Amino acid sequence: MQPYELTLSAAADAIRTRRLSPVELVDSVLDRVEQTEPRHRAYVNVTAERARRAAREAADDIAAGRHRGPLHGVPMGLKDLIDVAGEATSASSRVRAGHRARADSTVAARLAAAGAVLVGKTHTHEFAYGLTTPQTGNAWDPDRVAGGSSGGSAVAVAAGTATFALGTDTGGSIRAPAALNGVVGLKPTYGLVPRHGVTSLSWSLDHVGPITRTAEDAALVLTALAGHDPRDPASLA
């Protein structure tokens with residue numbers, strides 16, 4: 001088994017026990033990106049140098065005894081509605097070409113604090129307004145639909161180009177692509193995961209949640225994401 005094939009829980013255990021370095025895991029995932037992206041097109045952009053730098057920093061921290069938990073050194077993809085400071089948030093639309101986020105969304109900040117490593121921003125149906133993600137091919141057969149609007153995130157996890165990813169769900173946009181690509185997609189309770197810094201489709205229905213390979217992995221990611229944020233008026237206290 002190659003590192004990119006590991007579940008989040010298995011990768012976390014291997015990193016914690018020093019049987020696997022974050023550098024090895026991230027390199028394996030980036031190699032997989034090079035192999036599969038021409039067919040799957042899961043990513044709007046891949047932040048390879050940023051990922052390698054973060055992996056080296058994670059490896060140094062862990063070697064020094066500063067292990068942050070199960071997401072430390074683990075590569076992830078973020079749906080391209082989710083702001084990351086200095087990176088583009090295009091919502092897979094030419095209308096937002098060149099847009100750069102000035103600050104991290106709450107979920108990106110929480111994942112960074114947990115030590116997760118950003119591989120890139122994943123495709124969405126334009127502005128999340130649909131259920132196909134037409135730019136992206138299904139992980140098992142690129143000639144078939146990936147589902148949407150979090151299709152890029154689901155394909156990245158299923159294809160091994162992210163160990164986990166985040167999507168958003170307003171009317172099935174995490175659950176549909178997860179089902180079509182054979183992975184786990186969790187739509188959290190409304191208000192459990194903050195949406196500050198996430199491009200909205202419908203503020204009264206939007207959710208941010210994990211796409212993973214197992215239910216255990218989804219629980220690990222949700223634990224890092226959940227919690228009150230006063231900048232989201234719907235956030236649970």
# chains A, B, ... in the order shown; residues from 1 in each chain; ligands from 1

call {"tool": "residues_around", "arguments": {"residues": "Arg52 (chain A)", "least_positions_apart": "6", "cutoff": "12 Å", "atoms": "only C-alpha atoms", "output": "list in words"}}
result
Ser21, Pro22, Val23, Glu24, Leu25, Val26, Asp27, Ser28, Val29, Leu30, Asp31, Val46, Ala58, Ala59, Gly73, Val74, Pro75, Ala116, Val117, Leu118, Val119 and Gly120 of chain A

call {"tool": "closest_atom_pairs", "arguments": {"of": "region 142-168 of chain A", "to": "region 77-89 of chain A", "cutoff": "6 Å", "atoms": "only C-alpha atoms", "output": "JSON lines"}}
result
{"residue": "A:Ala162", "atom": "CA", "partner": "A:Gly77", "partner_atom": "CA", "distance": 5.8}
{"residue": "A:Ala165", "atom": "CA", "partner": "A:Gly77", "partner_atom": "CA", "distance": 4.5}
{"residue": "A:Leu166", "atom": "CA", "partner": "A:Leu78", "partner_atom": "CA", "distance": 5.1}
{"residue": "A:Gly167", "atom": "CA", "partner": "A:Lys79", "partner_atom": "CA", "distance": 5.4}

call {"tool": "atom_distance", "arguments": {"atom1": "CA of Thr212 (chain A)", "atom2": "CA of Val157 (chain A)"}}
result
6.3 Å

call {"tool": "select_by_dssp", "arguments": {"residues": "chain A", "states": "strand (DSSP E or B)", "output": "MDAnalysis selection string"}}
result
chainID A and resid 43:46 75:79 82 88 100 117:122 137 145 164:169 184:185 198 207:212

call {"tool": "write_last_selection", "arguments": {"atoms": "N, CA and C atoms", "output": "compact mmCIF listing (two decimals), in the first residue's frame"}}
result
# COMPACT_ATOMS: atom_id res chain seq x y z
N TYR A 43 -8.81 19.46 -9.05
CA TYR A 43 -8.29 20.68 -8.45
C TYR A 43 -8.39 21.89 -9.39
N VAL A 44 -8.76 23.02 -8.82
CA VAL A 44 -8.64 24.30 -9.50
C VAL A 44 -7.17 24.69 -9.56
N ASN A 45 -6.50 24.57 -8.43
CA ASN A 45 -5.05 24.81 -8.37
C ASN A 45 -4.44 23.95 -7.26
N VAL A 46 -3.22 23.54 -7.50
CA VAL A 46 -2.47 22.70 -6.55
C VAL A 46 -1.36 23.54 -5.95
N PRO A 75 -2.31 15.61 4.42
CA PRO A 75 -2.69 16.45 3.28
C PRO A 75 -4.20 16.50 3.04
N MET A 76 -4.67 17.70 2.71
CA MET A 76 -6.11 17.91 2.52
C MET A 76 -6.36 18.78 1.29
N GLY A 77 -7.60 18.69 0.80
CA GLY A 77 -8.09 19.61 -0.22
C GLY A 77 -9.23 20.42 0.34
N LEU A 78 -9.37 21.66 -0.11
CA LEU A 78 -10.46 22.53 0.31
C LEU A 78 -11.26 22.98 -0.91
N LYS A 79 -12.56 22.81 -0.82
CA LYS A 79 -13.44 23.26 -1.90
C LYS A 79 -13.20 24.74 -2.17
N ILE A 82 -13.83 28.13 -0.07
CA ILE A 82 -13.30 28.29 1.28
C ILE A 82 -12.03 29.12 1.23
N ALA A 88 -6.18 31.93 -4.15
CA ALA A 88 -7.37 32.28 -4.91
C ALA A 88 -8.59 31.54 -4.37
N ARG A 100 -8.15 36.96 -4.66
CA ARG A 100 -7.30 36.38 -3.62
C ARG A 100 -7.91 36.67 -2.26
N VAL A 117 -2.21 19.88 6.12
CA VAL A 117 -1.39 20.42 5.03
C VAL A 117 -2.26 20.62 3.79
N LEU A 118 -2.35 21.84 3.31
CA LEU A 118 -3.16 22.14 2.14
C LEU A 118 -2.46 21.69 0.86
N VAL A 119 -3.12 20.84 0.10
CA VAL A 119 -2.63 20.41 -1.22
C VAL A 119 -3.14 21.33 -2.31
N GLY A 120 -4.37 21.81 -2.16
CA GLY A 120 -4.92 22.71 -3.16
C GLY A 120 -6.39 22.94 -2.97
N LYS A 121 -6.95 23.76 -3.87
CA LYS A 121 -8.37 24.10 -3.85
C LYS A 121 -9.08 23.25 -4.90
N THR A 122 -10.18 22.63 -4.51
CA THR A 122 -10.86 21.67 -5.36
C THR A 122 -12.05 22.30 -6.08
N GLY A 137 -13.99 14.78 -13.52
CA GLY A 137 -14.42 13.44 -13.85
C GLY A 137 -14.48 12.54 -12.64
N VAL A 145 -20.02 11.46 -14.41
CA VAL A 145 -20.11 12.67 -13.59
C VAL A 145 -19.54 12.41 -12.20
N PHE A 164 -8.00 13.82 3.11
CA PHE A 164 -9.37 14.24 3.40
C PHE A 164 -9.59 15.57 2.73
N ALA A 165 -10.85 15.99 2.66
CA ALA A 165 -11.18 17.26 2.03
C ALA A 165 -12.41 17.84 2.70
N LEU A 166 -12.62 19.13 2.46
CA LEU A 166 -13.85 19.79 2.89
C LEU A 166 -14.70 20.11 1.69
N GLY A 167 -16.01 19.97 1.90
CA GLY A 167 -16.99 20.41 0.93
C GLY A 167 -18.01 21.28 1.61
N THR A 168 -18.98 21.73 0.83
CA THR A 168 -20.13 22.44 1.40
C THR A 168 -21.39 21.78 0.89
N ASP A 169 -22.45 21.87 1.69
CA ASP A 169 -23.71 21.20 1.37
C ASP A 169 -24.86 22.16 1.65
N VAL A 184 -17.04 8.84 2.12
CA VAL A 184 -17.94 9.29 3.18
C VAL A 184 -18.08 10.80 3.12
N GLY A 185 -19.31 11.28 3.09
CA GLY A 185 -19.56 12.72 3.12
C GLY A 185 -20.51 13.04 4.26
N VAL A 198 -16.50 31.56 3.93
CA VAL A 198 -16.90 30.57 2.92
C VAL A 198 -17.95 31.22 2.02
N HIS A 207 -23.91 24.45 4.75
CA HIS A 207 -23.15 23.71 5.75
C HIS A 207 -21.74 23.47 5.20
N VAL A 208 -20.75 23.41 6.07
CA VAL A 208 -19.39 23.00 5.70
C VAL A 208 -19.11 21.68 6.41
N GLY A 209 -18.57 20.70 5.67
CA GLY A 209 -18.34 19.42 6.30
C GLY A 209 -17.25 18.61 5.61
N PRO A 210 -16.84 17.50 6.24
CA PRO A 210 -15.73 16.70 5.72
C PRO A 210 -16.15 15.66 4.70
N ILE A 211 -15.23 15.37 3.80
CA ILE A 211 -15.31 14.21 2.90
C ILE A 211 -14.07 13.37 3.16
N THR A 212 -14.27 12.11 3.49
CA THR A 212 -13.19 11.23 3.95
C THR A 212 -13.39 9.83 3.39

call {"tool": "residues_around", "arguments": {"residues": "Met1 (chain A)", "least_positions_apart": "2", "cutoff": "12 Å", "atoms": "only C-alpha atoms", "output": "ChimeraX atom specification"}}
result
/A:3-7,10-11,25,28,160
